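Data block for coords-v8.txt (compact mmCIF, C-alpha atoms):
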# COMPACT_ATOMS: atom_id res chain seq x y z
CA MET A 12 27.06 54.85 22.34
CA ASN A 13 23.35 55.36 22.98
CA ASN A 14 23.73 59.15 23.16
CA ASN A 15 24.49 59.18 19.43
CA THR A 16 21.13 57.51 18.69
CA HIS A 17 18.07 59.75 18.31
CA ILE A 18 14.68 58.17 19.00
CA GLY A 19 11.42 59.75 17.80
CA ILE A 20 8.41 58.71 19.89
CA ILE A 21 4.98 59.22 18.35
CA GLY A 22 2.51 59.75 21.18
CA ALA A 23 2.94 61.58 24.49
CA GLY A 24 0.43 59.72 26.63
CA ILE A 25 1.53 57.71 29.66
CA ILE A 26 3.00 54.94 27.45
CA GLY A 27 5.01 57.34 25.29
CA VAL A 28 6.23 59.53 28.14
CA SER A 29 7.23 56.49 30.25
CA SER A 30 9.11 55.08 27.26
CA ALA A 31 10.84 58.44 26.76
CA LEU A 32 12.05 58.46 30.37
CA TRP A 33 13.40 54.91 30.18
CA LEU A 34 15.18 55.60 26.90
CA GLN A 35 16.58 58.82 28.31
CA LYS A 36 17.84 56.92 31.38
CA LYS A 37 19.82 54.68 29.02
CA GLY A 38 21.46 57.66 27.35
CA PHE A 39 19.41 57.97 24.17
CA LYS A 40 18.49 61.31 22.66
CA VAL A 41 14.68 61.40 22.59
CA THR A 42 12.01 63.55 20.96
CA LEU A 43 8.30 63.19 21.80
CA ILE A 44 5.82 64.01 19.03
CA ASP A 45 2.15 64.68 19.71
CA GLY A 46 -0.36 67.19 18.38
CA ASN A 47 -2.10 67.25 21.77
CA GLN A 48 -0.73 68.20 25.15
CA PRO A 49 0.97 65.27 26.91
CA GLY A 50 -1.47 62.90 28.57
CA SER A 51 -4.50 65.01 27.69
CA ILE A 52 -6.49 62.48 25.64
CA THR A 53 -6.89 58.97 27.07
CA SER A 54 -4.22 58.94 29.81
CA SER A 55 -5.90 61.70 31.80
CA GLY A 56 -9.30 60.12 32.35
CA ASN A 57 -8.70 56.59 33.56
CA ALA A 58 -9.81 55.02 36.85
CA CYS A 59 -6.42 55.84 38.45
CA THR A 60 -5.72 52.27 39.58
CA ILE A 61 -2.41 50.43 39.31
CA ALA A 62 -4.25 47.23 38.46
CA ASP A 63 -1.49 44.63 38.72
CA TYR A 64 -4.33 42.15 39.30
CA GLY A 65 -5.89 43.02 35.91
CA CYS A 66 -5.02 39.89 33.95
CA VAL A 67 -8.61 38.87 33.08
CA PRO A 68 -9.71 40.36 29.74
CA VAL A 69 -13.11 41.84 28.95
CA ASN A 70 -13.65 39.14 26.34
CA ASP A 71 -13.74 36.27 28.83
CA PRO A 72 -15.57 32.95 28.25
CA GLY A 73 -18.79 34.25 29.81
CA LEU A 74 -19.08 37.27 27.54
CA VAL A 75 -20.92 35.51 24.70
CA LYS A 76 -23.58 34.20 27.12
CA ARG A 77 -24.00 37.65 28.70
CA LEU A 78 -23.91 39.53 25.39
CA PRO A 79 -27.70 39.88 24.76
CA GLN A 80 -28.26 41.34 28.23
CA LEU A 81 -25.20 43.57 27.91
CA LEU A 82 -26.26 44.86 24.51
CA PHE A 83 -29.95 45.39 25.18
CA GLY A 84 -30.33 45.69 28.95
CA LYS A 85 -31.19 49.11 30.38
CA ASN A 86 -28.51 49.00 33.06
CA SER A 87 -25.63 47.76 30.97
CA PRO A 88 -22.04 49.05 30.92
CA LEU A 89 -21.72 48.00 27.25
CA SER A 90 -23.00 50.02 24.32
CA PHE A 91 -22.24 50.18 20.64
CA ASN A 92 -22.77 52.20 17.49
CA PRO A 93 -24.61 49.69 15.23
CA TRP A 94 -23.22 51.14 12.00
CA TYR A 95 -19.68 51.20 13.37
CA ALA A 96 -20.02 47.62 14.61
CA PHE A 97 -21.35 46.50 11.21
CA THR A 98 -18.53 48.18 9.29
CA HIS A 99 -15.95 46.71 11.71
CA LEU A 100 -17.48 43.24 11.83
CA PRO A 101 -14.19 41.33 11.29
CA TRP A 102 -12.72 42.91 14.42
CA MET A 103 -15.90 42.26 16.40
CA LEU A 104 -15.96 38.59 15.38
CA SER A 105 -12.27 38.18 16.13
CA PHE A 106 -12.79 39.78 19.56
CA LEU A 107 -15.58 37.28 20.27
CA ARG A 108 -13.55 34.32 18.97
CA ASN A 109 -10.98 35.20 21.59
CA CYS A 110 -13.59 34.43 24.26
CA GLN A 111 -12.79 30.73 23.80
CA PRO A 112 -11.43 29.34 27.09
CA ALA A 113 -8.06 28.25 25.68
CA ARG A 114 -7.46 31.65 24.09
CA VAL A 115 -8.52 33.47 27.24
CA GLN A 116 -6.12 31.38 29.29
CA THR A 117 -3.31 32.32 26.89
CA THR A 118 -4.17 35.99 27.38
CA ILE A 119 -4.37 35.62 31.17
CA ASN A 120 -0.98 33.90 31.27
CA ALA A 121 0.67 36.57 29.12
CA LEU A 122 -0.84 39.48 31.05
CA GLY A 123 -0.20 37.80 34.39
CA THR A 124 3.50 37.47 33.55
CA ILE A 125 4.05 41.09 32.53
CA LEU A 126 1.85 42.42 35.35
CA LYS A 127 4.22 40.80 37.85
CA ASP A 128 6.81 43.32 36.62
CA THR A 129 4.53 46.34 37.03
CA ASN A 130 6.46 47.81 39.94
CA SER A 131 9.91 47.18 38.46
CA GLY A 132 8.90 49.32 35.50
CA LEU A 133 7.00 52.03 37.34
CA ASP A 134 8.85 52.57 40.63
CA PRO A 135 12.16 53.68 39.08
CA LEU A 136 10.27 56.37 37.15
CA ILE A 137 8.43 57.49 40.28
CA ASP A 138 11.74 57.82 42.13
CA LEU A 139 13.44 59.47 39.17
CA THR A 140 10.75 62.13 38.81
CA GLY A 141 9.93 62.60 42.52
CA THR A 142 6.25 61.79 42.03
CA ARG A 143 5.67 59.41 44.95
CA ASP A 144 3.31 62.00 46.47
CA LEU A 145 0.86 61.19 43.66
CA PHE A 146 0.48 57.57 44.82
CA VAL A 147 -1.33 56.01 47.77
CA THR A 148 -1.68 52.38 48.82
CA ASN A 149 -5.10 51.91 50.40
CA GLY A 150 -6.06 48.83 48.44
CA CYS A 151 -8.83 48.37 45.91
CA MET A 152 -12.25 46.83 46.51
CA TYR A 153 -14.55 44.93 44.14
CA VAL A 154 -18.19 44.75 45.23
CA TYR A 155 -21.05 42.54 44.04
CA LYS A 156 -24.74 43.00 44.70
CA ASN A 157 -25.40 39.37 45.43
CA GLN A 158 -23.94 35.89 45.61
CA LEU A 159 -24.99 35.20 42.02
CA GLY A 160 -22.82 38.00 40.67
CA PHE A 161 -19.94 36.97 42.90
CA ASP A 162 -20.17 33.36 41.75
CA ALA A 163 -20.28 34.42 38.10
CA ALA A 164 -16.95 36.18 38.59
CA ARG A 165 -15.38 33.33 40.54
CA ALA A 166 -13.50 31.75 37.61
CA GLY A 167 -11.92 35.08 36.70
CA ASN A 168 -10.97 35.82 40.28
CA LEU A 169 -9.43 32.38 40.70
CA ALA A 170 -7.42 33.10 37.57
CA ARG A 171 -6.16 36.30 39.19
CA ALA A 172 -5.08 34.30 42.23
CA ASP A 173 -3.33 31.76 40.01
CA GLN A 174 -1.34 34.64 38.51
CA GLY A 175 -0.25 35.83 41.94
CA ALA A 176 -2.87 38.45 42.79
CA GLU A 177 -3.54 38.61 46.53
CA PHE A 178 -7.02 39.39 47.80
CA SER A 179 -9.43 38.55 50.58
CA GLU A 180 -13.15 37.84 50.33
CA LEU A 181 -15.58 40.23 51.98
CA GLY A 182 -19.09 39.85 53.31
CA ARG A 183 -21.72 42.54 53.79
CA ASN A 184 -20.42 43.60 57.21
CA ASP A 185 -16.80 43.71 56.00
CA ILE A 186 -17.79 45.98 53.14
CA HIS A 187 -19.61 48.33 55.50
CA ASP A 188 -16.69 48.45 57.91
CA LEU A 189 -14.25 49.37 55.14
CA GLU A 190 -16.57 51.67 53.20
CA PRO A 191 -19.36 52.87 55.51
CA ASN A 192 -20.72 55.39 53.00
CA LEU A 193 -21.58 52.76 50.37
CA SER A 194 -25.26 51.98 49.94
CA PRO A 195 -26.07 48.74 51.79
CA ILE A 196 -26.85 46.91 48.56
CA PHE A 197 -23.64 44.91 48.24
CA GLU A 198 -23.55 41.39 49.60
CA LYS A 199 -20.09 40.20 48.55
CA GLY A 200 -16.73 41.73 47.74
CA LEU A 201 -12.99 41.35 47.30
CA LEU A 202 -10.20 43.46 48.76
CA PHE A 203 -6.89 43.73 46.93
CA GLY A 204 -5.13 45.00 50.01
CA ASN A 205 -1.79 45.92 48.41
CA ALA A 206 -3.21 47.75 45.42
CA ARG A 207 -2.28 51.38 44.91
CA GLN A 208 -3.68 54.25 42.92
CA VAL A 209 -2.67 57.55 41.35
CA LEU A 210 -4.30 60.65 42.82
CA ASN A 211 -4.26 62.49 39.49
CA PRO A 212 -3.13 60.74 36.27
CA GLN A 213 -2.86 64.01 34.33
CA SER A 214 -0.53 65.43 36.99
CA LEU A 215 1.54 62.25 36.77
CA VAL A 216 2.03 62.61 33.01
CA ASN A 217 2.71 66.34 33.38
CA ARG A 218 5.46 65.76 35.92
CA PHE A 219 6.97 62.84 34.00
CA PHE A 220 6.99 65.07 30.92
CA ARG A 221 8.51 68.05 32.75
CA TYR A 222 11.33 65.87 34.06
CA PHE A 223 11.91 64.57 30.53
CA ILE A 224 12.18 68.13 29.16
CA ASP A 225 14.34 69.35 32.04
CA SER A 226 16.69 66.41 31.40
CA GLY A 227 17.28 67.42 27.79
CA GLY A 228 14.36 65.82 25.98
CA THR A 229 12.59 67.63 23.16
CA TYR A 230 8.93 67.88 22.21
CA LYS A 231 7.27 68.55 18.85
CA ASN A 232 3.67 69.68 19.21
CA ASP A 233 2.25 68.34 15.95
CA HIS A 234 0.58 65.16 14.75
CA ALA A 235 2.72 62.54 13.06
CA LYS A 236 1.40 61.32 9.74
CA GLU A 237 3.88 58.80 8.36
CA ILE A 238 7.20 57.10 9.01
CA ILE A 239 9.53 57.15 6.01
CA ASP A 240 12.32 54.59 6.30
CA ASN A 241 14.52 54.13 3.25
CA GLN A 242 18.14 54.16 2.15
CA THR A 243 18.53 57.82 3.05
CA GLY A 244 17.47 57.21 6.67
CA LEU A 245 14.36 57.35 8.83
CA GLN A 246 12.09 60.38 8.91
CA ILE A 247 8.77 61.14 10.56
CA LEU A 248 6.44 63.21 8.41
CA LEU A 249 4.27 65.65 10.36
CA HIS A 250 0.86 66.95 9.35
CA ASN A 251 2.34 70.37 8.66
CA GLY A 252 4.62 68.81 6.04
CA GLU A 253 7.79 68.98 8.09
CA LYS A 254 10.07 65.93 8.10
CA LEU A 255 12.11 65.10 11.21
CA ALA A 256 15.14 62.81 10.94
CA PHE A 257 15.71 60.06 13.53
CA ASP A 258 17.70 56.88 13.88
CA LYS A 259 14.74 54.93 15.25
CA ALA A 260 11.03 55.50 15.85
CA LEU A 261 8.54 54.24 18.44
CA VAL A 262 4.80 54.28 17.70
CA SER A 263 2.97 54.62 21.01
CA CYS A 264 -0.10 56.75 20.32
CA GLY A 265 -2.71 54.32 21.60
CA ALA A 266 -5.89 53.97 19.58
CA PHE A 267 -4.50 56.47 17.07
CA SER A 268 -1.49 54.27 16.23
CA LYS A 269 -3.37 52.73 13.31
CA GLN A 270 -3.37 56.14 11.60
CA ILE A 271 0.44 56.21 11.28
CA GLY A 272 1.43 55.36 7.72
CA GLY A 273 4.65 53.79 6.51
CA CYS A 274 4.62 50.87 8.96
CA GLU A 275 2.45 47.87 9.71
CA ALA A 276 0.69 49.66 12.56
CA SER A 277 -1.89 50.65 9.96
CA THR A 278 -2.52 46.99 9.10
CA LEU A 279 -2.86 45.57 12.61
CA PRO A 280 -6.38 44.79 13.94
CA LEU A 281 -6.38 47.67 16.41
CA ASP A 282 -9.72 49.13 17.44
CA THR A 283 -11.22 51.17 20.24
CA GLU A 284 -13.12 50.46 23.43
CA ARG A 285 -14.38 53.92 24.29
CA GLY A 286 -14.60 54.64 28.00
CA TYR A 287 -16.29 57.38 30.02
CA HIS A 288 -16.02 59.04 33.36
CA ILE A 289 -18.02 61.51 35.40
CA GLN A 290 -16.61 63.43 38.34
CA TYR A 291 -18.06 65.01 41.47
CA ALA A 292 -15.90 67.78 42.88
CA ASP A 293 -15.06 67.65 46.60
CA HIS A 294 -16.75 64.27 47.17
CA GLN A 295 -13.60 62.17 47.41
CA HIS A 296 -14.17 61.68 51.15
CA LEU A 297 -17.06 59.31 50.43
CA VAL A 298 -14.77 56.34 49.74
CA ASN A 299 -11.38 55.40 51.16
CA ARG A 300 -10.03 53.59 48.11
CA PRO A 301 -11.05 52.74 44.54
CA VAL A 302 -14.24 50.68 44.67
CA ALA A 303 -15.26 48.76 41.57
CA TRP A 304 -18.90 47.78 41.20
CA ALA A 305 -18.05 44.67 39.25
CA GLU A 306 -21.40 43.92 37.58
CA ALA A 307 -21.89 47.59 36.66
CA GLY A 308 -18.48 47.91 34.98
CA PHE A 309 -17.01 50.98 36.66
CA TYR A 310 -14.80 52.22 39.49
CA ALA A 311 -15.51 54.92 42.05
CA THR A 312 -12.09 56.45 42.73
CA PRO A 313 -11.18 59.19 45.23
CA MET A 314 -8.79 61.75 43.70
CA ASN A 315 -7.24 65.04 44.67
CA GLU A 316 -9.95 66.91 42.76
CA GLY A 317 -12.98 64.85 43.67
CA LEU A 318 -14.67 61.50 43.18
CA ARG A 319 -14.39 59.92 39.73
CA PHE A 320 -16.66 57.20 38.33
CA ALA A 321 -14.80 55.67 35.40
CA GLY A 322 -15.56 52.69 33.20
CA THR A 323 -18.09 51.30 30.70
CA VAL A 324 -17.27 50.03 27.21
CA GLU A 325 -18.58 51.55 24.00
CA ILE A 326 -17.78 50.11 20.58
CA ALA A 327 -17.69 53.22 18.39
CA GLY A 328 -15.29 55.29 16.33
CA LEU A 329 -12.62 57.80 17.28
CA SER A 330 -14.59 60.60 15.65
CA ASP A 331 -18.03 59.74 17.05
CA LYS A 332 -19.53 62.18 19.52
CA LYS A 333 -20.00 61.45 23.21
CA ASN A 334 -22.84 59.08 23.94
CA SER A 335 -25.06 60.87 26.44
CA GLN A 336 -26.65 57.57 27.45
CA ASN A 337 -23.33 56.30 28.77
CA LEU A 338 -22.94 59.41 30.89
CA LEU A 339 -26.50 59.08 32.17
CA TYR A 340 -25.81 55.44 33.01
CA LEU A 341 -22.78 56.38 35.10
CA SER A 342 -24.69 59.17 36.80
CA ARG A 343 -27.67 56.94 37.60
CA MET A 344 -25.59 54.04 38.87
CA SER A 345 -23.22 56.21 40.89
CA ARG A 346 -26.20 57.56 42.85
CA LYS A 347 -27.29 54.00 43.60
CA MET A 348 -23.86 53.41 45.05
CA LEU A 349 -23.39 56.60 47.09
CA ASN A 350 -25.30 59.67 48.23
CA LEU A 351 -24.40 62.15 45.48
CA PRO A 352 -25.80 65.28 43.80
CA GLU A 353 -28.15 64.88 40.86
CA GLN A 354 -25.56 66.09 38.36
CA PRO A 355 -21.79 65.51 38.19
CA ASP A 356 -19.46 68.46 37.77
CA SER A 357 -17.63 67.17 34.71
CA ASP A 358 -17.50 64.27 32.26
CA TRP A 359 -15.02 62.78 29.82
CA LEU A 360 -14.63 60.39 26.91
CA GLY A 361 -11.45 58.41 26.17
CA TYR A 362 -10.24 55.77 23.74
CA ARG A 363 -8.86 52.47 24.98
CA PRO A 364 -6.69 50.86 22.28
CA THR A 365 -7.62 47.19 22.04
CA LEU A 366 -6.59 44.27 19.85
CA PRO A 367 -8.84 41.21 19.49
CA ASP A 368 -6.80 39.09 21.90
CA SER A 369 -6.69 41.89 24.53
CA LEU A 370 -2.88 41.85 24.48
CA PRO A 371 -0.76 44.90 23.64
CA VAL A 372 1.73 45.10 20.81
CA ILE A 373 5.23 45.53 22.26
CA GLY A 374 8.16 44.91 19.97
CA GLN A 375 10.06 45.59 16.80
CA SER A 376 8.44 46.09 13.43
CA THR A 377 8.74 43.21 10.99
CA SER A 378 9.17 45.63 8.09
CA SER A 379 12.00 47.73 9.54
CA GLU A 380 14.60 47.16 12.23
CA ASN A 381 14.36 50.88 13.04
CA ILE A 382 10.65 50.97 13.98
CA TYR A 383 9.17 49.79 17.28
CA PHE A 384 5.63 49.53 18.66
CA SER A 385 4.05 49.88 22.09
CA PHE A 386 0.28 50.25 22.01
CA GLY A 387 -2.96 48.33 22.52
CA HIS A 388 -2.86 48.18 26.33
CA GLN A 389 -6.70 48.23 26.56
CA HIS A 390 -7.84 48.88 30.16
CA ILE A 391 -4.42 48.67 31.83
CA GLY A 392 -2.28 51.26 30.04
CA LEU A 393 -1.52 53.20 33.23
CA THR A 394 -0.55 49.96 34.98
CA LEU A 395 1.71 48.69 32.19
CA ALA A 396 3.23 52.02 31.11
CA GLY A 397 6.38 51.70 33.19
CA ILE A 398 7.24 48.11 32.31
CA SER A 399 6.34 48.66 28.64
CA GLY A 400 8.72 51.62 28.52
CA LYS A 401 11.44 49.61 30.25
CA LEU A 402 11.07 46.73 27.79
CA ILE A 403 11.16 49.03 24.77
CA SER A 404 14.31 50.71 26.09
CA GLU A 405 15.96 47.32 26.63
CA LEU A 406 14.94 46.17 23.17
CA ILE A 407 16.32 49.27 21.45
CA ALA A 408 19.50 49.16 23.55
CA GLY A 409 20.05 45.49 22.67
CA GLU A 410 19.93 44.44 26.32
CA PRO A 411 18.41 41.29 27.89
CA LEU A 412 14.69 41.78 28.39
CA SER A 413 13.17 42.01 31.87
CA SER A 414 10.03 40.14 30.80
CA ASN A 415 8.93 37.86 27.98
CA ILE A 416 7.45 39.90 25.11
CA GLU A 417 6.88 36.96 22.76
CA PRO A 418 3.06 37.03 23.32
CA PHE A 419 3.02 40.73 22.36
CA ARG A 420 4.98 40.54 19.11
CA PRO A 421 3.54 42.64 16.27
CA ASP A 422 3.56 39.77 13.76
CA ARG A 423 1.26 37.50 15.79
CA PHE A 424 -1.65 38.54 13.54
CA LYS A 425 0.29 38.01 10.32
CA GLY A 426 -1.34 34.67 9.53
CA ALA A 427 -4.82 36.17 9.82
CA THR A 428 -3.74 39.13 7.66
CA ASP A 429 -2.31 36.82 5.01
CA ARG A 430 -5.51 34.74 4.93
CA LYS A 431 -7.56 37.89 4.34
CA LYS A 432 -5.36 38.69 1.35
Please express the file's structure as structure tokens.
Amino acid sequence: MNNNTHIGIIGAGIIGVSSALWLQKKGFKVTLIDGNQPGSITSSGNACTIADYGCVPVNDPGLVKRLPQLLFGKNSPLSFNPWYAFTHLPWMLSFLRNCQPARVQTTINALGTILKDTNSGLDPLIDLTGTRDLFVTNGCMYVYKNQLGFDAARAGNLARADQGAEFSELGRNDIHDLEPNLSPIFEKGLLFGNARQVLNPQSLVNRFFRYFIDSGGTYKNDHAKEIIDNQTGLQILLHNGEKLAFDKALVSCGAFSKQIGGCEASTLPLDTERGYHIQYADHQHLVNRPVAWAEAGFYATPMNEGLRFAGTVEIAGLSDKKNSQNLLYLSRMSRKMLNLPEQPDSDWLGYRPTLPDSLPVIGQSTSSENIYFSFGHQHIGLTLAGISGKLISELIAGEPLSSNIEPFRPDRFKGATDRKK
């Protein structure tokens, strides 16, 4: 029986907490382990969108051509720490190699397939936890300054349509009618009319977590250091030296998963796309839905607490300080988009976990039948949290899988790892 099996989950962000709820639904005994408060690191600061249209990766075929302008242009959503990029050159080169059209199409197909199951993974958790009040369906808009930018994105948007995303094209007047407060600088747009958003991602994790605890789940507020799996059983070693015994373990701590010893998570080519947001309190009335300025690389999202501008990509380390230039970029560009105060009320830095092919790792460890992985969801962790948790619960329970996880298997990089050796 599942209730005799104890699962230790490392990481209490939206992926870990969603996995905990799905496992708990199937009767497993579950403990969440995290040295931070649930959802307080990367899960709290995202753009709040359930982006089931988000099958096109950042490293698309046009990235290499745009790279000089992105790296050195003044108004660029991409930045990098040169020393970090130099010392992580193999990952950078692998990320760029995955810009090849055939590889991008493989990524789009894999993401498109799992994104179709977004709602089947998320909605049962919303109903279970009574959190439907945190979701609204007002659609999501992409805007482009001119026809040139719109045409440059056409291939990616056609790929979204091929994967089942539904959207309508917008002209200047349509954009104004839907979002009258936007500056009149946008010539073209798209409307994903059925898209929904979360009004506060931290509140969502908090309420998922509270339901988990109230339903008998346990929580250990310490950082995991290593998984020890031998003839005497499986243990998770904490930073304080304590060892906790489990039957199985799930590593789901995002960009920090690579720091977990005792399993191949530490050998996988996981790195970080750092993202930023700024927030203006009490300005959420300025837009009616999330609006993404496509060329500028960020969303403007209305939330319960205010208006959040979230996005950008920075290639830098987990321990590097905030880059003030990224925050200034968001502040400057947000004021071009809407009539806003000179300074935002708050800002934030988070860590998107990304593998070179922009696909997550979802599956069983190749080194132990008792260890499972779910991390590397790059820009769509909130969107894929529910279905990822459902798939992990099915995998551990030995049930038929709701979606194909073959593209996400942990050993897909094994050949590259072996060649390096």
ask   = Which residue out of A:Arg300, A:Lys425, A:His250, A:Arg346 has the minimum interatomic distance to Ala206 in chain A when only C-alpha atoms are used?
value =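 Nearest candidate to Ala206 in chain A out of A:Arg300, A:Lys425, A:His250, A:Arg346: A:Arg300.
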task = Give the answer as one residue: which of A:Pro101, A:Pro355, A:Pro88, A:Gly265 has the shortest atom-to-atom distance to Trp304 in chain A, using only C-alpha atoms?
result = A:Pro88
key: Selected residue, from A:Thr312, A:Asn149, A:Gln116, A:Ser263, that lies nearest to Phe384 in chain A when counting only C-alpha atoms   = A:Ser263
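Closest approach to Ser342 in chain A among A:Tyr383, A:Phe219, A:Tyr287, A:Tyr362 is made by A:Tyr287 (distances from all atoms listed in the file).
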request  = Excluding Phe146 in chain A and any residue of its chain fewer than 3 positions from it, enumerate the residues within 10 Å of it, using only C-alpha atoms, and give them as a PyMOL selection string.
outcome  = chain A and resi 59-61+137+142-143+149+207-212+215
Identify, on the basis of all atoms listed in the file, every residue whose closest approach to Gly50 in chain A does not exceed 10 Å; exclude the query and any residue fewer than 4 positions from it along the same chain; express the result as an mmCIF file with C-alpha atoms, keeping the file's coordinate frame.
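The resulting part-v1.cif:
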data_model
loop_
_atom_site.group_PDB
_atom_site.id
_atom_site.type_symbol
_atom_site.label_atom_id
_atom_site.label_comp_id
_atom_site.auth_asym_id
_atom_site.auth_seq_id
_atom_site.Cartn_x
_atom_site.Cartn_y
_atom_site.Cartn_z
ATOM 1 C CA GLY A 22 2.510 59.750 21.180
ATOM 2 C CA ALA A 23 2.940 61.580 24.490
ATOM 3 C CA GLY A 24 0.430 59.720 26.630
ATOM 4 C CA ILE A 25 1.530 57.710 29.660
ATOM 5 C CA ILE A 26 3.000 54.940 27.450
ATOM 6 C CA GLY A 27 5.010 57.340 25.290
ATOM 7 C CA VAL A 28 6.230 59.530 28.140
ATOM 8 C CA ASP A 45 2.150 64.680 19.710
ATOM 9 C CA SER A 54 -4.220 58.940 29.810
ATOM 10 C CA SER A 55 -5.900 61.700 31.800
ATOM 11 C CA GLY A 56 -9.300 60.120 32.350
ATOM 12 C CA PRO A 212 -3.130 60.740 36.270
ATOM 13 C CA GLN A 213 -2.860 64.010 34.330
ATOM 14 C CA SER A 214 -0.530 65.430 36.990
ATOM 15 C CA LEU A 215 1.540 62.250 36.770
ATOM 16 C CA VAL A 216 2.030 62.610 33.010
ATOM 17 C CA ASN A 217 2.710 66.340 33.380
ATOM 18 C CA PHE A 220 6.990 65.070 30.920
#
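Restricting the calculation to only C-alpha atoms, the smallest distance between Trp359 in chain A and any of A:Ala256, A:Cys110, A:Cys151, A:Ala58 is found for A:Ala58.
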request  = Write out as a list in words each polymer residue whose atoms come within 9 Å of Asp128 in chain A, counting all atoms listed in the file; drop sequence neighbours fewer than 3 positions from it.
outcome  = Asp63, Thr124, Ile125, Ser131, Gly132, Leu133, Leu395, Ile398, Ser413 and Ser414 of chain A
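Each of A:Asn334, A:Asn168, A:Ser268, A:Asn157 was checked against Gly286 in chain A using all atoms listed in the file; the smallest atom-to-atom distance is that of A:Asn334.
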ask   = In Å, how far is it from CA of Gln242 in chain A to CA of Lys254 in chain A?
value =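 For CA of Gln242 in chain A relative to CA of Lys254 in chain A, the distance reads 15.5 Å.
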query = What is the distance between CA of Asn14 in chain A and CA of Trp33 in chain A, in Å to one decimal?
reply = 13.2 Å
request  = Please identify all polymer residues within 12 Å of Leu189 in chain A, counting all atoms listed in the file, omitting same-chain residues fewer than 3 positions from it, and present them as a list of chain:residue names.
outcome  =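 Answer for this query is A:Asn149, A:Gly150, A:Cys151, A:Met152, A:Tyr153, A:Val154, A:Leu181, A:Gly182, A:Arg183, A:Asn184, A:Asp185, A:Ile186, A:Asn192, A:Leu193, A:Gly200, A:Leu201, A:Leu202, A:Gly204, A:Leu297, A:Val298, A:Asn299, A:Arg300, A:Pro301, A:Val302.
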